[in-house]
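Novice: Provided below: structure.cif, containing mmCIF, C-alpha atoms.
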data_work
#
loop_
_atom_site.label_atom_id
_atom_site.label_comp_id
_atom_site.auth_asym_id
_atom_site.auth_seq_id
_atom_site.Cartn_x
_atom_site.Cartn_y
_atom_site.Cartn_z
CA MET B 157 53.97 -90.97 -126.97
CA ILE B 158 53.70 -93.40 -124.07
CA LYS B 159 52.79 -92.00 -120.68
CA LYS B 160 54.37 -93.36 -117.50
CA TYR B 161 51.53 -95.06 -115.62
CA GLU B 162 51.06 -95.82 -111.93
CA GLU B 163 49.71 -98.86 -110.09
CA GLY B 164 45.91 -98.56 -109.86
CA ASP B 165 45.54 -96.56 -113.10
CA ILE B 166 42.54 -97.66 -115.18
CA ARG B 167 42.13 -97.19 -118.93
CA ALA B 168 39.07 -98.13 -120.99
CA GLU B 169 41.21 -99.51 -123.85
CA TRP B 170 42.89 -101.94 -121.45
CA LYS B 171 39.53 -103.54 -120.63
CA ASN B 172 39.81 -106.00 -123.51
CA ASN B 173 39.33 -109.42 -121.84
CA ILE B 174 42.42 -110.92 -123.47
CA ASP B 175 45.62 -112.57 -122.28
CA GLY B 176 48.61 -111.24 -124.17
CA TYR B 177 51.60 -108.95 -124.34
CA LYS B 178 52.21 -105.66 -126.12
CA VAL B 179 55.50 -103.74 -126.33
CA ASP B 180 55.60 -100.01 -127.05
CA TYR B 181 58.39 -97.46 -127.13
CA SER B 182 58.81 -93.73 -126.56
CA ASP B 183 61.99 -91.63 -126.53
CA LEU B 184 61.00 -90.23 -123.13
CA HIS B 185 60.24 -93.48 -121.26
CA GLY B 186 62.00 -96.21 -123.25
CA PHE B 187 60.25 -99.55 -123.73
CA SER B 188 57.03 -100.57 -122.03
CA LEU B 189 55.55 -104.05 -121.76
CA PHE B 190 51.82 -104.24 -121.20
CA ALA B 191 51.05 -107.72 -119.81
CA PHE B 192 47.30 -108.27 -120.14
CA LEU B 193 45.90 -111.02 -117.91
CA GLN B 194 42.25 -111.90 -117.39
CA SER B 195 41.45 -111.65 -113.65
CA PRO B 196 45.04 -112.45 -112.58
CA SER B 197 45.51 -114.23 -109.25
CA GLU B 198 47.88 -112.89 -106.61
CA GLU B 199 50.27 -115.68 -107.65
CA ASP B 200 50.15 -114.54 -111.30
CA ILE B 201 50.87 -110.98 -110.22
CA SER B 202 53.69 -112.01 -107.87
CA LYS B 203 55.42 -113.89 -110.73
CA MET B 204 55.92 -110.50 -112.41
CA SER B 205 56.76 -108.54 -109.27
CA LYS B 206 60.08 -106.88 -108.55
CA ASP B 207 61.21 -109.86 -106.44
CA ALA B 208 60.54 -112.50 -109.09
CA ASP B 209 63.07 -113.76 -111.61
CA ILE B 210 62.69 -112.47 -115.14
CA VAL B 211 64.47 -113.24 -118.39
CA ILE B 212 63.83 -111.21 -121.53
CA TYR B 213 64.99 -112.53 -124.89
CA PHE B 214 65.05 -110.74 -128.23
CA ASP B 215 64.97 -112.14 -131.73
CA ASP B 216 64.10 -110.75 -135.13
CA MET B 217 62.69 -111.91 -138.43
CA ASP B 218 62.35 -109.75 -141.53
CA GLY B 219 62.56 -106.45 -139.63
CA VAL B 220 60.14 -107.40 -136.85
CA GLY B 221 61.58 -107.83 -133.37
CA PHE B 222 60.22 -110.32 -130.87
CA PHE B 223 60.57 -109.81 -127.14
CA THR B 224 60.00 -113.06 -125.26
CA PHE B 225 59.42 -112.91 -121.51
CA ASN B 226 59.87 -115.57 -118.86
CA PHE B 227 58.54 -114.51 -115.47
CA ASP B 228 59.27 -117.24 -112.92
CA GLY B 229 58.24 -119.93 -115.38
CA THR B 230 55.37 -118.13 -117.09
CA GLY B 231 55.38 -115.70 -119.98
CA GLY B 232 54.94 -115.11 -123.66
CA SER B 233 56.09 -113.02 -126.59
CA ALA B 234 55.30 -109.70 -128.22
CA ALA B 235 56.18 -108.45 -131.68
CA PHE B 236 57.80 -105.03 -132.06
CA ALA B 237 58.20 -103.14 -135.35
CA PRO B 238 59.92 -99.73 -135.09
CA SER B 239 58.09 -98.39 -138.14
CA LEU B 240 54.71 -98.77 -136.39
CA ASN B 241 55.57 -96.01 -133.88
CA LEU B 242 53.54 -92.92 -134.70
CA ASP B 243 55.67 -90.23 -133.06
CA TYR B 244 58.81 -90.96 -135.13
CA PRO B 245 61.18 -91.78 -132.27
CA LYS B 246 64.95 -91.39 -132.45
CA PHE B 247 65.60 -94.58 -130.45
CA ASN B 248 68.24 -92.85 -128.33
CA ILE B 249 68.88 -94.07 -124.81
CA PRO B 250 67.26 -91.41 -122.55
CA ASP B 251 69.60 -88.97 -120.82
CA GLY B 252 70.78 -90.19 -117.45
CA PHE B 253 70.50 -93.88 -118.35
CA THR B 254 73.21 -96.28 -119.54
CA GLY B 255 70.59 -98.54 -121.15
CA PHE B 256 66.96 -98.41 -122.20
CA PRO B 257 64.41 -98.29 -119.39
CA PHE B 258 61.94 -101.16 -119.67
CA ASN B 259 58.67 -100.66 -117.78
CA ILE B 260 56.44 -103.65 -117.11
CA TYR B 261 52.74 -103.08 -116.43
CA VAL B 262 50.62 -106.03 -115.26
CA ILE B 263 47.05 -105.24 -116.25
CA ASP B 264 43.83 -106.99 -115.31
CA SER B 265 42.21 -107.05 -118.75
CA THR B 266 38.74 -107.62 -117.25
CA THR B 267 38.84 -104.26 -115.41
CA GLY B 268 41.52 -102.33 -117.31
CA LYS B 269 43.43 -101.70 -114.07
CA ILE B 270 47.20 -101.85 -113.49
CA LYS B 271 47.72 -104.45 -110.76
CA ALA B 272 51.51 -104.24 -110.55
CA LEU B 273 54.46 -102.57 -112.19
CA ARG B 274 58.16 -103.06 -112.43
CA SER B 275 60.94 -101.03 -114.00
CA ILE B 276 64.24 -102.46 -115.16
CA THR B 277 67.11 -101.09 -117.22
CA LEU B 278 68.44 -103.10 -120.14
CA SER B 279 72.22 -103.38 -120.36
CA SER B 280 74.17 -100.68 -122.16
CA ASP B 281 75.60 -103.18 -124.69
CA PHE B 282 72.21 -104.66 -125.54
CA SER B 283 70.59 -101.19 -125.60
CA LYS B 284 73.19 -99.85 -128.05
CA TRP B 285 72.66 -102.88 -130.27
CA LEU B 286 68.86 -102.54 -130.02
CA SER B 287 69.02 -98.80 -130.79
CA ASP B 288 70.96 -99.55 -133.99
CA TRP B 289 68.58 -102.40 -134.87
CA CYS B 290 65.57 -100.07 -134.47
CA ARG B 291 67.10 -97.37 -136.68
CA GLN B 292 67.95 -99.92 -139.39
CA ASN B 293 64.48 -101.45 -139.36
CA GLU B 294 62.29 -98.37 -138.99
CA ILE B 295 62.87 -97.53 -142.66
CA LEU B 296 61.04 -100.71 -143.69
CA ASN B 297 57.70 -98.95 -143.07
CA LEU B 298 55.86 -102.20 -142.34
CA SER B 299 52.07 -102.26 -142.13
CA LEU B 300 50.29 -103.81 -139.16
CA ASP B 301 48.99 -106.61 -141.40
CA HIS B 302 52.53 -107.34 -142.59
CA VAL B 303 53.77 -107.48 -138.97
CA LYS B 304 50.95 -109.92 -138.17
CA ASP B 305 51.97 -112.10 -141.14
CA ILE B 306 55.63 -112.11 -140.07
CA SER B 307 54.59 -112.90 -136.48
CA LYS B 308 52.61 -115.93 -137.63
CA LYS B 309 55.56 -117.07 -139.76
CA TYR B 310 57.96 -116.55 -136.81
CA PHE B 311 55.88 -118.51 -134.30
CA ASP B 312 55.30 -121.31 -136.82
CA TYR B 313 59.07 -121.44 -137.36
CA LEU B 314 59.72 -121.62 -133.60
CA LYS B 315 57.33 -124.54 -133.19
CA LYS B 316 59.39 -126.51 -135.71
CA HIS B 317 62.92 -125.33 -134.84
CA ASP B 318 62.91 -124.09 -131.24
CA LYS B 319 66.05 -126.01 -130.25
CA LYS B 320 68.06 -124.61 -133.18
CA ARG B 321 67.21 -120.94 -132.63
CA SER B 322 69.51 -118.71 -130.60
CA PHE B 323 68.12 -115.61 -128.92
CA ARG B 324 69.78 -112.46 -127.70
CA ILE B 325 69.40 -112.09 -123.94
CA ALA B 326 68.14 -108.61 -123.13
CA PHE B 327 67.72 -109.05 -119.38
CA ASN B 328 68.33 -111.88 -116.91
CA THR B 329 67.96 -111.95 -113.12
CA THR B 330 68.53 -115.69 -112.84
CA LYS B 331 72.32 -115.38 -112.91
CA LYS B 332 74.34 -114.67 -109.78
CA CYS B 333 76.26 -111.99 -111.67
CA ILE B 334 73.87 -110.02 -113.84
CA GLU B 335 75.86 -109.24 -116.96
CA HIS B 336 73.02 -108.17 -119.23
CA ALA B 337 71.08 -105.60 -117.27
CA HIS B 338 70.30 -103.76 -114.08
CA ASP B 339 67.02 -104.18 -112.16
CA THR B 340 65.74 -100.94 -110.67
CA GLY B 341 62.81 -102.56 -108.85
CA GLY B 342 59.63 -100.47 -108.89
CA ARG B 343 60.29 -96.85 -109.79
#
Go ahead and render the structure in this file as structure tokens.

Specialist:
Amino acid sequence: MIKKYEEGDIRAEWKNNIDGYKVDYSDLHGFSLFAFLQSPSEEDISKMSKDADIVIYFDDMDGVGFFTFNFDGTGGSAAFAPSLNLDYPKFNIPDGFTGFPFNIYVIDSTTGKIKALRSITLSSDFSKWLSDWCRQNEILNLSLDHVKDISKKYFDYLKKHDKKRSFRIAFNTTKKCIEHAHDTGGR
């Protein structure tokens, strides 16, 4: 189960000296993005802050989902396979929410410290679709090695066909009228 973390929290396993993204899920807290950055500058951190534009896309290949993030012109992607969750989630939208909460933790991977956080709520339509997608794909029981193989295949495919691929928009603050989600700022 994923814990809800606070700015300033430090974890030994986050001190990994890598740049990358990881998405996890728990029934209690929804989705969480861990954005690992090596010694991020204040500018890097501000690009992911509650005042910065963010677009989150979703795509899937062979039962593995891919969240792609664009934070004010910077970002990356993270694979997500429902069957890799260890606590057998139900993938229900938590009570009191109309869509999945999506917590973003910006972590300095050289110290293992959370430098910034942001919480958003994915739209109800996208969340319902994603909930169904998770339930359909959790039965695949994919291994971590298989997810890595599909991820490599997916990113190789994107390099060759990026203009022909359409993605589902999960969240978008760049529109005047936000039709896909609701930003809740910090907490």

Novice: Residue by residue, what does the PyMOL selection byres ((chain B and resi 250) around 10) grab here? Present the result as a VMD selection string.

Specialist: chain B and resid 182 to 186 247 to 249 251 to 257

Novice: Between B:Met217, B:Ala191, B:Asp175, B:Thr329, which has the minimum distance to Tyr313 (chain B) (counting only C-alpha atoms)?

Specialist: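 Result for the nearest residue to Tyr313 (chain B): B:Met217.
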
Novice: Expand the PyMOL selection byres ((chain B and resi 219) around 8) into the individual residues it matches in the shown file, reporting them as number ranges by chain.

Specialist: B: 216-218, 220-221, 237, 293, 296

Novice: Quick one: pull the distance between CA of Ser239 (chain B) and CA of Trp289 (chain B), Å, one decimal.

Specialist: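 If I compute the distance from CA of Ser239 (chain B) to CA of Trp289 (chain B), I get 11.7 Å.
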
Novice: Quick one: apply the PyMOL selection byres ((chain B and resi 225-233) around 9) to the file and drop the selected residues here as a ChimeraX atom specification.

Specialist: /B:176-178,200,203-205,208-213,222-224,234-235

Novice: Pick from B:Trp170, B:Ile295, B:Thr277, B:Lys309: nearest to Phe258 (chain B), with all atoms listed in the file counted?

Specialist: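 For Phe258 (chain B), the nearest of the candidates is B:Thr277.
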
Novice: Using all atoms listed in the file, can you tell me which of B:Gly268, B:Ile263, B:Lys304, B:Asp207 comes closest to Thr330 (chain B)?

Specialist: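 Going through B:Gly268, B:Ile263, B:Lys304, B:Asp207 one by one, the smallest distance to Thr330 (chain B) is for B:Asp207.
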
Novice: So how many Å separate CA of Lys246 (chain B) and CA of Ile276 (chain B), to one decimal?

Specialist: 20.5 Å

Novice: How far is it from CA of Lys160 (chain B) to CA of Pro238 (chain B), in Å with one decimal?

Specialist: 19.5 Å

Novice: Using all atoms listed in the file, can you tell me which of B:Asn259, B:Ser202, B:Asn241, B:Asn172 comes closest to Phe187 (chain B)?

Specialist: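 Using all atoms listed in the file, the shortest distance to Phe187 (chain B) belongs to B:Asn259.
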
Novice: May I ask which of the residues B:Ile201, B:Ile174, B:Ile306, B:Cys290 is the closest one to Ile270 (chain B), counting only C-alpha atoms?

Specialist: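 Smallest separation from Ile270 (chain B) among the options: B:Ile201.
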
Novice: Rank nothing, just name the residue among B:Leu240, B:Ala168, B:Leu286, B:Leu189 nearest to Asp301 (chain B), using only C-alpha atoms.

Specialist: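 So, comparing all the options, the nearest one is B:Leu240.
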
Novice: Excluding Lys271 (chain B) and its own-chain neighbours fewer than 6 positions away, which residues fall within 10 Å of it when counting only C-alpha atoms? Please give them as an MDAnalysis selection string.

Specialist: chainID B and resid 162:166 193 195:196 198 201 261:264

Novice: Mind working out the centre and edge lengths of an axis-aligned box for region 169-185 of chain B, all listed atoms inside, 3 Å added to each side, rounded to one decimal in Å and written as lines of an AutoDock Vina configuration file?

Specialist:
center_x = 50.7
center_y = -101.4
center_z = -123.9
size_x = 28.7
size_y = 28.3
size_z = 12.5

Novice: Using the incomplete input, complete region 235-258 of chain B to the level of N, CA, C and O atoms; output as a PDB file, in the coordinates of the input.

Specialist:
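Written output follows (out_30.pdb):
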ATOM      1  N   ALA B 235      55.491-108.969-130.505  1.00  0.00           N
ATOM      2  CA  ALA B 235      56.180-108.450-131.680  1.00  0.00           C
ATOM      3  C   ALA B 235      56.413-106.952-131.502  1.00  0.00           C
ATOM      4  O   ALA B 235      55.639-106.261-130.841  1.00  0.00           O
ATOM      5  N   PHE B 236      57.500-106.459-132.107  1.00  0.00           N
ATOM      6  CA  PHE B 236      57.800-105.030-132.060  1.00  0.00           C
ATOM      7  C   PHE B 236      58.370-104.621-133.415  1.00  0.00           C
ATOM      8  O   PHE B 236      59.367-105.180-133.870  1.00  0.00           O
ATOM      9  N   ALA B 237      57.722-103.661-134.065  1.00  0.00           N
ATOM     10  CA  ALA B 237      58.200-103.140-135.350  1.00  0.00           C
ATOM     11  C   ALA B 237      58.406-101.635-135.203  1.00  0.00           C
ATOM     12  O   ALA B 237      57.439-100.897-134.981  1.00  0.00           O
ATOM     13  N   PRO B 238      59.646-101.164-135.287  1.00  0.00           N
ATOM     14  CA  PRO B 238      59.920 -99.730-135.090  1.00  0.00           C
ATOM     15  C   PRO B 238      59.104 -98.820-135.996  1.00  0.00           C
ATOM     16  O   PRO B 238      58.704 -97.742-135.588  1.00  0.00           O
ATOM     17  N   SER B 239      58.802 -99.257-137.201  1.00  0.00           N
ATOM     18  CA  SER B 239      58.090 -98.390-138.140  1.00  0.00           C
ATOM     19  C   SER B 239      56.629 -98.175-137.759  1.00  0.00           C
ATOM     20  O   SER B 239      55.968 -97.306-138.315  1.00  0.00           O
ATOM     21  N   LEU B 240      56.093 -98.952-136.803  1.00  0.00           N
ATOM     22  CA  LEU B 240      54.710 -98.770-136.390  1.00  0.00           C
ATOM     23  C   LEU B 240      54.546 -97.643-135.358  1.00  0.00           C
ATOM     24  O   LEU B 240      53.425 -97.257-135.050  1.00  0.00           O
ATOM     25  N   ASN B 241      55.651 -97.125-134.825  1.00  0.00           N
ATOM     26  CA  ASN B 241      55.570 -96.010-133.880  1.00  0.00           C
ATOM     27  C   ASN B 241      55.107 -94.762-134.616  1.00  0.00           C
ATOM     28  O   ASN B 241      55.636 -94.419-135.663  1.00  0.00           O
ATOM     29  N   LEU B 242      54.142 -94.068-134.038  1.00  0.00           N
ATOM     30  CA  LEU B 242      53.540 -92.920-134.700  1.00  0.00           C
ATOM     31  C   LEU B 242      54.265 -91.607-134.461  1.00  0.00           C
ATOM     32  O   LEU B 242      54.118 -90.674-135.226  1.00  0.00           O
ATOM     33  N   ASP B 243      55.038 -91.523-133.382  1.00  0.00           N
ATOM     34  CA  ASP B 243      55.670 -90.230-133.060  1.00  0.00           C
ATOM     35  C   ASP B 243      57.117 -90.139-133.549  1.00  0.00           C
ATOM     36  O   ASP B 243      57.865 -89.310-133.096  1.00  0.00           O
ATOM     37  N   TYR B 244      57.496 -90.981-134.485  1.00  0.00           N
ATOM     38  CA  TYR B 244      58.810 -90.960-135.130  1.00  0.00           C
ATOM     39  C   TYR B 244      59.961 -90.839-134.121  1.00  0.00           C
ATOM     40  O   TYR B 244      60.678 -89.850-134.080  1.00  0.00           O
ATOM     41  N   PRO B 245      60.131 -91.840-133.291  1.00  0.00           N
ATOM     42  CA  PRO B 245      61.180 -91.780-132.270  1.00  0.00           C
ATOM     43  C   PRO B 245      62.580 -91.824-132.859  1.00  0.00           C
ATOM     44  O   PRO B 245      62.787 -92.253-133.987  1.00  0.00           O
ATOM     45  N   LYS B 246      63.535 -91.372-132.047  1.00  0.00           N
ATOM     46  CA  LYS B 246      64.950 -91.390-132.450  1.00  0.00           C
ATOM     47  C   LYS B 246      65.649 -92.651-131.974  1.00  0.00           C
ATOM     48  O   LYS B 246      66.734 -92.966-132.405  1.00  0.00           O
ATOM     49  N   PHE B 247      65.035 -93.362-131.029  1.00  0.00           N
ATOM     50  CA  PHE B 247      65.600 -94.580-130.450  1.00  0.00           C
ATOM     51  C   PHE B 247      66.954 -94.305-129.791  1.00  0.00           C
ATOM     52  O   PHE B 247      67.876 -95.103-129.879  1.00  0.00           O
ATOM     53  N   ASN B 248      67.061 -93.159-129.145  1.00  0.00           N
ATOM     54  CA  ASN B 248      68.240 -92.850-128.330  1.00  0.00           C
ATOM     55  C   ASN B 248      67.977 -93.278-126.900  1.00  0.00           C
ATOM     56  O   ASN B 248      66.846 -93.169-126.416  1.00  0.00           O
ATOM     57  N   ILE B 249      69.012 -93.726-126.221  1.00  0.00           N
ATOM     58  CA  ILE B 249      68.880 -94.070-124.810  1.00  0.00           C
ATOM     59  C   ILE B 249      68.638 -92.757-124.056  1.00  0.00           C
ATOM     60  O   ILE B 249      69.389 -91.794-124.237  1.00  0.00           O
ATOM     61  N   PRO B 250      67.573 -92.675-123.236  1.00  0.00           N
ATOM     62  CA  PRO B 250      67.260 -91.410-122.550  1.00  0.00           C
ATOM     63  C   PRO B 250      68.423 -90.900-121.702  1.00  0.00           C
ATOM     64  O   PRO B 250      69.192 -91.687-121.143  1.00  0.00           O
ATOM     65  N   ASP B 251      68.553 -89.592-121.639  1.00  0.00           N
ATOM     66  CA  ASP B 251      69.600 -88.970-120.820  1.00  0.00           C
ATOM     67  C   ASP B 251      69.537 -89.486-119.396  1.00  0.00           C
ATOM     68  O   ASP B 251      68.459 -89.666-118.828  1.00  0.00           O
ATOM     69  N   GLY B 252      70.703 -89.721-118.819  1.00  0.00           N
ATOM     70  CA  GLY B 252      70.780 -90.190-117.450  1.00  0.00           C
ATOM     71  C   GLY B 252      70.754 -91.696-117.297  1.00  0.00           C
ATOM     72  O   GLY B 252      70.899 -92.213-116.201  1.00  0.00           O
ATOM     73  N   PHE B 253      70.545 -92.417-118.385  1.00  0.00           N
ATOM     74  CA  PHE B 253      70.500 -93.880-118.350  1.00  0.00           C
ATOM     75  C   PHE B 253      71.679 -94.433-119.151  1.00  0.00           C
ATOM     76  O   PHE B 253      72.120 -93.837-120.119  1.00  0.00           O
ATOM     77  N   THR B 254      72.172 -95.613-118.754  1.00  0.00           N
ATOM     78  CA  THR B 254      73.210 -96.280-119.540  1.00  0.00           C
ATOM     79  C   THR B 254      72.590 -97.287-120.510  1.00  0.00           C
ATOM     80  O   THR B 254      73.254 -97.756-121.415  1.00  0.00           O
ATOM     81  N   GLY B 255      71.329 -97.630-120.277  1.00  0.00           N
ATOM     82  CA  GLY B 255      70.590 -98.540-121.150  1.00  0.00           C
ATOM     83  C   GLY B 255      69.142 -98.111-121.206  1.00  0.00           C
ATOM     84  O   GLY B 255      68.716 -97.222-120.463  1.00  0.00           O
ATOM     85  N   PHE B 256      68.379 -98.753-122.070  1.00  0.00           N
ATOM     86  CA  PHE B 256      66.960 -98.410-122.200  1.00  0.00           C
ATOM     87  C   PHE B 256      66.194 -98.788-120.942  1.00  0.00           C
ATOM     88  O   PHE B 256      66.322 -99.909-120.444  1.00  0.00           O
ATOM     89  N   PRO B 257      65.354 -97.888-120.430  1.00  0.00           N
ATOM     90  CA  PRO B 257      64.410 -98.290-119.390  1.00  0.00           C
ATOM     91  C   PRO B 257      63.395 -99.255-120.006  1.00  0.00           C
ATOM     92  O   PRO B 257      63.073 -99.148-121.198  1.00  0.00           O
ATOM     93  N   PHE B 258      62.934-100.193-119.217  1.00  0.00           N
ATOM     94  CA  PHE B 258      61.940-101.160-119.670  1.00  0.00           C
ATOM     95  C   PHE B 258      60.904-101.277-118.560  1.00  0.00           C
ATOM     96  O   PHE B 258      61.178-101.843-117.502  1.00  0.00           O
TER      97      PHE B 258
END
